[in-house]
Amino acid sequence: MSIDSTANLDELQRLHGREGRVTLSRGALGEVVDLAAPGGTARIALQGAQLLSWVPAGEAEVIWLSPEARPQPGKSLRGGAPVCWPWFGPHAEDERKPAHGFVRGAPWELLDTEATAQATRARLGFDTAGKWRDVWPHEARAVLTVTLGDGLTLALETTNTGAEPFQLSQALHTYFAVAHIAETSVQGLDGCAYIDKVGPEARRRQEGMVRFDGEVDRIYLDPPGEVVIRDKALGRRIVVGASGSRSAVVWNPWIEKAARLGDMGADGFRRMLCVETANAADDTLTLAPGARHVLEARYRLERV
């Protein structure tokens with residue numbers, strides 16, 4: 001049974017809480033779901049289905065959330081893992097429409113939860129039917145499944161519930177916590193073509209590891225199955241696996257853009273790196289009536 005996120009918190013807990021494994025609470029951002037498993041903990045907000053935290057057992061926080069983030073109804077927090085859907089970046093035809101779609105700050109529905117010996121899972125849903133026609137004239141259902149086990153998996157399933165095909169671009173816009181961006185690199189993209197979004201848009205090819213000494217905003221095309229964030233200062237690797245995707249975004253705003261954003265903190269850009277599992281640019285999809293697509297990101301932490 002599902003229940004809307006505006007329902008009584010006690011009822012949500014009765015329906016979906018699982019002792020020691022799934023707990024619901026309400027704070028400045030509204031309802032949040034805390035997951036626990038032998039492999040760690042995670043937290044998800046029902047506003048925007050936004051992942052706010054992932055802490056593997058015995059480790060430090062993996063997800064970056066800006067210390068300057070201020071919860072607001074209808075707006076995602078800076079950090080975590082906002083869901084960009086059903087378009088990525090600016091709208092292709094109308095720049096007045098919100099960037100990265102309209103679900104990042106909208107209320108999602110908690111559909112169900114499950115706990116097994118090794119993993120804990122929560123499913124959250126969003127349905128556009130009859131509610132969002134002024135922004136997007138299609139009918140679709142999005143379901144985000146968050147599975148916490150030895151690692152963390154985010155699976156975003158889109159189903160076309162309408163009578164017409166539509167184009168879909170999307171991303172799991174995950175902000176990862178790093179000790180210092182200058183001592184962080186991204187491995188696994190050597191030789192990949194990418195679209196450089198800094199300055200005049202250009203197509204280039206990656207040579208070696210991705211390193212950071214200025215703003216980086218790139219859409220990599222046909223990346224390998226796994227990309228690795230190597231955090232030298234923390235002595236750890238964050239491995240990002242993906243399926244249902246032929247594009248990946250690597251982003252750090254650096255000094256000037258971070259200051260313009262206004263909610264990253266004085267040196268927030270030094271402590272974060274986005275590696276986004278996406279369908280973007282050349283990887284935009286067309287979803288026929290009744291068709292479904294699953295975009296999946298798989299994260300695990302390794303010590304080096």
# chains A, B, ... in the order shown; residues from 1 in each chain; ligands from 1

$ residues_around --residues "A:Ala177" --least-positions-apart "4" --cutoff "12 Å" --atoms "only C-alpha atoms" --output "PyMOL selection string"
chain A and resi 52-55+60-66+79-81+181+184+229-231+233-234+236-238+252+268-275+301

$ write_last_selection --atoms "N, CA and C atoms" --output "mmCIF file, in the first residue's frame"
data_model
loop_
_atom_site.group_PDB
_atom_site.id
_atom_site.type_symbol
_atom_site.label_atom_id
_atom_site.label_comp_id
_atom_site.auth_asym_id
_atom_site.auth_seq_id
_atom_site.Cartn_x
_atom_site.Cartn_y
_atom_site.Cartn_z
ATOM 1 N N LEU A 52 20.128 12.193 0.528
ATOM 2 C CA LEU A 52 20.810 13.199 1.326
ATOM 3 C C LEU A 52 22.079 12.669 1.979
ATOM 4 N N SER A 53 22.175 11.338 2.146
ATOM 5 C CA SER A 53 23.317 10.790 2.873
ATOM 6 C C SER A 53 23.515 9.329 2.510
ATOM 7 N N TRP A 54 24.773 8.932 2.465
ATOM 8 C CA TRP A 54 25.143 7.516 2.416
ATOM 9 C C TRP A 54 26.444 7.348 3.191
ATOM 10 N N VAL A 55 26.379 6.576 4.251
ATOM 11 C CA VAL A 55 27.539 6.335 5.096
ATOM 12 C C VAL A 55 27.776 4.831 5.176
ATOM 13 N N ALA A 60 33.386 7.377 6.577
ATOM 14 C CA ALA A 60 32.854 8.733 6.642
ATOM 15 C C ALA A 60 31.806 8.929 5.542
ATOM 16 N N GLU A 61 31.059 10.001 5.649
ATOM 17 C CA GLU A 61 30.014 10.346 4.688
ATOM 18 C C GLU A 61 30.560 10.360 3.260
ATOM 19 N N VAL A 62 29.797 9.785 2.331
ATOM 20 C CA VAL A 62 30.191 9.748 0.919
ATOM 21 C C VAL A 62 29.479 10.826 0.111
ATOM 22 N N ILE A 63 28.317 11.269 0.572
ATOM 23 C CA ILE A 63 27.502 12.234 -0.160
ATOM 24 C C ILE A 63 27.724 13.634 0.409
ATOM 25 N N TRP A 64 27.987 14.604 -0.497
ATOM 26 C CA TRP A 64 28.203 15.985 -0.066
ATOM 27 C C TRP A 64 26.894 16.744 -0.053
ATOM 28 N N LEU A 65 26.642 17.459 1.033
ATOM 29 C CA LEU A 65 25.485 18.345 1.160
ATOM 30 C C LEU A 65 26.020 19.693 1.629
ATOM 31 N N SER A 66 25.703 20.750 0.909
ATOM 32 C CA SER A 66 26.266 22.048 1.216
ATOM 33 C C SER A 66 25.898 22.507 2.619
ATOM 34 N N GLY A 79 23.381 19.757 -3.236
ATOM 35 C CA GLY A 79 24.086 18.566 -2.792
ATOM 36 C C GLY A 79 23.186 17.354 -2.849
ATOM 37 N N GLY A 80 23.617 16.272 -2.205
ATOM 38 C CA GLY A 80 22.834 15.045 -2.247
ATOM 39 C C GLY A 80 22.827 14.452 -3.641
ATOM 40 N N ALA A 81 21.665 13.948 -4.031
ATOM 41 C CA ALA A 81 21.509 13.393 -5.387
ATOM 42 C C ALA A 81 20.151 13.807 -5.932
ATOM 43 N N ILE A 181 39.337 18.928 -3.854
ATOM 44 C CA ILE A 181 39.175 18.658 -5.278
ATOM 45 C C ILE A 181 40.516 18.627 -6.003
ATOM 46 N N THR A 184 41.925 15.163 -6.076
ATOM 47 C CA THR A 184 40.945 14.178 -6.527
ATOM 48 C C THR A 184 41.045 14.030 -8.034
ATOM 49 N N ILE A 229 36.171 7.572 -8.823
ATOM 50 C CA ILE A 229 36.652 8.803 -8.193
ATOM 51 C C ILE A 229 37.757 8.410 -7.225
ATOM 52 N N ARG A 230 38.958 8.889 -7.472
ATOM 53 C CA ARG A 230 40.095 8.569 -6.613
ATOM 54 C C ARG A 230 40.377 9.763 -5.706
ATOM 55 N N ASP A 231 40.131 9.573 -4.419
ATOM 56 C CA ASP A 231 40.313 10.624 -3.424
ATOM 57 C C ASP A 231 41.602 10.325 -2.661
ATOM 58 N N ALA A 233 43.556 12.138 -0.691
ATOM 59 C CA ALA A 233 43.690 12.604 0.684
ATOM 60 C C ALA A 233 42.945 11.714 1.664
ATOM 61 N N LEU A 234 41.796 11.197 1.272
ATOM 62 C CA LEU A 234 41.020 10.319 2.143
ATOM 63 C C LEU A 234 41.415 8.851 1.990
ATOM 64 N N ARG A 236 40.656 6.727 -0.445
ATOM 65 C CA ARG A 236 39.527 5.880 -0.839
ATOM 66 C C ARG A 236 39.157 6.111 -2.300
ATOM 67 N N ARG A 237 38.452 5.140 -2.839
ATOM 68 C CA ARG A 237 37.932 5.189 -4.203
ATOM 69 C C ARG A 237 36.423 5.020 -4.143
ATOM 70 N N ILE A 238 35.718 5.872 -4.875
ATOM 71 C CA ILE A 238 34.275 5.721 -5.038
ATOM 72 C C ILE A 238 34.058 5.192 -6.447
ATOM 73 N N ASN A 252 32.344 20.222 -11.616
ATOM 74 C CA ASN A 252 32.753 20.988 -10.443
ATOM 75 C C ASN A 252 32.736 22.449 -10.854
ATOM 76 N N GLY A 268 32.975 25.388 -0.671
ATOM 77 C CA GLY A 268 32.235 24.158 -0.936
ATOM 78 C C GLY A 268 32.704 23.425 -2.170
ATOM 79 N N PHE A 269 33.105 24.195 -3.206
ATOM 80 C CA PHE A 269 33.538 23.550 -4.445
ATOM 81 C C PHE A 269 34.764 22.678 -4.236
ATOM 82 N N ARG A 270 35.546 22.958 -3.194
ATOM 83 C CA ARG A 270 36.742 22.153 -2.923
ATOM 84 C C ARG A 270 36.389 20.792 -2.326
ATOM 85 N N ARG A 271 35.185 20.672 -1.785
ATOM 86 C CA ARG A 271 34.799 19.479 -1.023
ATOM 87 C C ARG A 271 33.835 18.572 -1.761
ATOM 88 N N MET A 272 33.552 18.859 -3.031
ATOM 89 C CA MET A 272 32.553 18.080 -3.749
ATOM 90 C C MET A 272 32.973 17.814 -5.189
ATOM 91 N N LEU A 273 32.367 16.791 -5.745
ATOM 92 C CA LEU A 273 32.538 16.456 -7.148
ATOM 93 C C LEU A 273 31.296 15.696 -7.597
ATOM 94 N N CYS A 274 30.693 16.154 -8.683
ATOM 95 C CA CYS A 274 29.545 15.437 -9.244
ATOM 96 C C CYS A 274 30.007 14.508 -10.356
ATOM 97 N N VAL A 275 29.649 13.240 -10.236
ATOM 98 C CA VAL A 275 29.748 12.283 -11.333
ATOM 99 C C VAL A 275 28.337 11.740 -11.510
ATOM 100 N N LEU A 301 32.296 1.814 -2.139
ATOM 101 C CA LEU A 301 33.469 2.475 -1.609
ATOM 102 C C LEU A 301 34.584 1.463 -1.395
#

$ residues_around --residues "A:Lys97" --least-positions-apart "3" --cutoff "12 Å" --atoms "only C-alpha atoms" --output "MDAnalysis selection string"
chainID A and resid 86:94 100:102 132 134:136

$ write_last_selection --atoms "all heavy atoms" --output "compact mmCIF listing (two decimals), in the first residue's frame"
# COMPACT_ATOMS: atom_id res chain seq x y z
N PRO A 86 11.91 15.19 -16.42
CA PRO A 86 12.16 14.35 -17.58
C PRO A 86 13.05 15.01 -18.64
O PRO A 86 13.06 14.57 -19.78
CB PRO A 86 10.75 14.13 -18.12
CG PRO A 86 10.05 15.43 -17.82
CD PRO A 86 10.63 15.92 -16.52
N TRP A 87 13.74 16.07 -18.24
CA TRP A 87 14.78 16.59 -19.11
C TRP A 87 15.99 16.98 -18.27
O TRP A 87 15.88 17.26 -17.07
CB TRP A 87 14.31 17.76 -19.97
CG TRP A 87 13.86 18.99 -19.24
CD1 TRP A 87 14.66 19.99 -18.75
CD2 TRP A 87 12.51 19.38 -18.94
NE1 TRP A 87 13.91 20.97 -18.15
CE2 TRP A 87 12.58 20.63 -18.26
CE3 TRP A 87 11.26 18.82 -19.18
CZ2 TRP A 87 11.44 21.30 -17.82
CZ3 TRP A 87 10.13 19.48 -18.73
CH2 TRP A 87 10.22 20.70 -18.07
N PHE A 88 17.14 16.95 -18.91
CA PHE A 88 18.40 17.30 -18.27
C PHE A 88 18.88 18.63 -18.82
O PHE A 88 18.84 18.86 -20.02
CB PHE A 88 19.45 16.22 -18.53
CG PHE A 88 20.82 16.57 -18.01
CD1 PHE A 88 21.11 16.44 -16.67
CD2 PHE A 88 21.80 17.05 -18.88
CE1 PHE A 88 22.38 16.79 -16.19
CE2 PHE A 88 23.06 17.39 -18.41
CZ PHE A 88 23.34 17.25 -17.06
N GLY A 89 19.34 19.52 -17.93
CA GLY A 89 19.80 20.82 -18.36
C GLY A 89 18.63 21.73 -18.68
O GLY A 89 17.49 21.50 -18.24
N PRO A 90 18.85 22.78 -19.47
CA PRO A 90 17.74 23.66 -19.84
C PRO A 90 16.76 22.95 -20.76
O PRO A 90 17.13 22.05 -21.51
CB PRO A 90 18.44 24.82 -20.55
CG PRO A 90 19.73 24.25 -21.05
CD PRO A 90 20.14 23.23 -20.03
N HIS A 91 15.50 23.35 -20.68
CA HIS A 91 14.50 22.79 -21.58
C HIS A 91 14.88 23.11 -23.03
O HIS A 91 15.32 24.22 -23.34
CB HIS A 91 13.13 23.37 -21.24
CG HIS A 91 11.99 22.68 -21.94
ND1 HIS A 91 11.59 23.01 -23.21
CD2 HIS A 91 11.19 21.66 -21.53
CE1 HIS A 91 10.58 22.24 -23.58
NE2 HIS A 91 10.32 21.41 -22.58
N ALA A 92 14.70 22.15 -23.91
CA ALA A 92 15.18 22.29 -25.29
C ALA A 92 14.45 23.39 -26.05
O ALA A 92 15.01 23.98 -26.99
CB ALA A 92 15.03 20.96 -26.03
N GLU A 93 13.21 23.70 -25.66
CA GLU A 93 12.42 24.65 -26.45
C GLU A 93 11.99 25.88 -25.67
O GLU A 93 11.58 26.87 -26.28
CB GLU A 93 11.17 23.94 -26.99
CG GLU A 93 11.50 22.77 -27.91
CD GLU A 93 10.26 21.97 -28.29
OE1 GLU A 93 9.18 22.27 -27.75
OE2 GLU A 93 10.39 21.06 -29.12
N ASP A 94 12.04 25.83 -24.35
CA ASP A 94 11.54 26.95 -23.55
C ASP A 94 12.44 27.13 -22.33
O ASP A 94 12.31 26.41 -21.33
CB ASP A 94 10.09 26.67 -23.12
CG ASP A 94 9.44 27.87 -22.45
OD1 ASP A 94 10.16 28.83 -22.10
OD2 ASP A 94 8.20 27.83 -22.25
N HIS A 100 16.67 21.15 -15.57
CA HIS A 100 16.71 19.78 -15.04
C HIS A 100 15.32 19.24 -14.68
O HIS A 100 15.20 18.37 -13.82
CB HIS A 100 17.63 19.69 -13.83
CG HIS A 100 19.08 19.97 -14.14
ND1 HIS A 100 19.72 19.45 -15.23
CD2 HIS A 100 20.00 20.72 -13.48
CE1 HIS A 100 20.98 19.87 -15.24
NE2 HIS A 100 21.17 20.64 -14.21
N GLY A 101 14.29 19.74 -15.33
CA GLY A 101 12.96 19.18 -15.09
C GLY A 101 12.26 19.77 -13.89
O GLY A 101 12.69 20.79 -13.34
N PHE A 102 11.19 19.11 -13.47
CA PHE A 102 10.33 19.70 -12.45
C PHE A 102 10.08 18.80 -11.24
O PHE A 102 9.26 19.12 -10.38
CB PHE A 102 8.96 20.07 -13.07
CG PHE A 102 8.32 18.95 -13.84
CD1 PHE A 102 7.51 18.01 -13.23
CD2 PHE A 102 8.53 18.84 -15.20
CE1 PHE A 102 6.90 16.99 -13.94
CE2 PHE A 102 7.94 17.82 -15.94
CZ PHE A 102 7.12 16.90 -15.31
N TRP A 132 0.71 18.21 -14.31
CA TRP A 132 1.84 19.01 -14.73
C TRP A 132 1.77 19.40 -16.20
O TRP A 132 2.78 19.71 -16.83
CB TRP A 132 3.14 18.23 -14.48
CG TRP A 132 3.34 17.90 -13.04
CD1 TRP A 132 2.91 16.80 -12.36
CD2 TRP A 132 3.99 18.72 -12.07
NE1 TRP A 132 3.25 16.86 -11.05
CE2 TRP A 132 3.93 18.02 -10.84
CE3 TRP A 132 4.65 19.95 -12.11
CZ2 TRP A 132 4.47 18.55 -9.66
CZ3 TRP A 132 5.19 20.46 -10.96
CH2 TRP A 132 5.10 19.77 -9.76
N ASP A 134 0.87 22.03 -17.71
CA ASP A 134 1.36 23.36 -18.08
C ASP A 134 2.87 23.40 -18.22
O ASP A 134 3.42 24.29 -18.86
CB ASP A 134 0.91 24.39 -17.04
CG ASP A 134 1.37 24.05 -15.64
OD1 ASP A 134 1.56 22.85 -15.36
OD2 ASP A 134 1.54 24.98 -14.82
N VAL A 135 3.57 22.41 -17.65
CA VAL A 135 5.02 22.33 -17.73
C VAL A 135 5.47 21.29 -18.74
O VAL A 135 6.45 21.50 -19.47
CB VAL A 135 5.62 21.99 -16.34
CG1 VAL A 135 7.15 21.93 -16.41
CG2 VAL A 135 5.17 23.00 -15.30
N TRP A 136 4.73 20.18 -18.82
CA TRP A 136 5.14 19.05 -19.67
C TRP A 136 3.89 18.29 -20.09
O TRP A 136 3.20 17.70 -19.25
CB TRP A 136 6.07 18.13 -18.87
CG TRP A 136 6.84 17.13 -19.67
CD1 TRP A 136 7.73 17.36 -20.66
CD2 TRP A 136 6.79 15.70 -19.51
NE1 TRP A 136 8.25 16.19 -21.13
CE2 TRP A 136 7.70 15.15 -20.43
CE3 TRP A 136 6.09 14.84 -18.66
CZ2 TRP A 136 7.90 13.77 -20.56
CZ3 TRP A 136 6.29 13.48 -18.77
CH2 TRP A 136 7.19 12.95 -19.70

$ atom_distance --atom1 "atom CA of A:Gln13" --atom2 "atom CA of A:Gly30"
14.1 Å

$ residues_around --residues "A:Ala129" --least-positions-apart "6" --cutoff "8 Å" --atoms "only C-alpha atoms" --output "PDB file with N, CA and C atoms, in the first residue's frame"
ATOM      1  N   HIS A 138       2.825  15.486 -21.200  1.00  0.00           N
ATOM      2  CA  HIS A 138       2.861  14.031 -21.374  1.00  0.00           C
ATOM      3  C   HIS A 138       2.477  13.343 -20.060  1.00  0.00           C
ATOM      4  N   GLU A 139       2.118  12.081 -20.170  1.00  0.00           N
ATOM      5  CA  GLU A 139       1.784  11.299 -18.987  1.00  0.00           C
ATOM      6  C   GLU A 139       2.853  10.234 -18.776  1.00  0.00           C
ATOM      7  N   ALA A 140       3.416  10.217 -17.593  1.00  0.00           N
ATOM      8  CA  ALA A 140       4.487   9.277 -17.300  1.00  0.00           C
ATOM      9  C   ALA A 140       4.548   9.025 -15.804  1.00  0.00           C
TER      10      ALA A 140
END

$ atom_distance --atom1 "atom CA of A:Glu157" --atom2 "atom CA of A:Val143"
5.1 Å

$ closest_residue --among "A:Met209, A:Leu152, A:Val146, A:Leu46" --to "A:Phe126" --atoms "only C-alpha atoms"
A:Leu46

$ atom_distance --atom1 "atom CA of A:Val186" --atom2 "atom CA of A:Val210"
4.9 Å

$ closest_residue --among "A:Arg303, A:Arg104, A:Arg292, A:His180" --to "A:Trp254" --atoms "only C-alpha atoms"
A:His180

$ closest_residue --among "A:Thr147, A:Gln170, A:Thr128, A:Thr277" --to "A:Pro223" --atoms "only C-alpha atoms"
A:Thr277

$ residues_around --residues "A:Thr113" --least-positions-apart "5" --cutoff "10 Å" --atoms "only C-alpha atoms" --output "PyMOL selection string"
chain A and resi 2+15-18+21-22+33+35+120-124+145-147
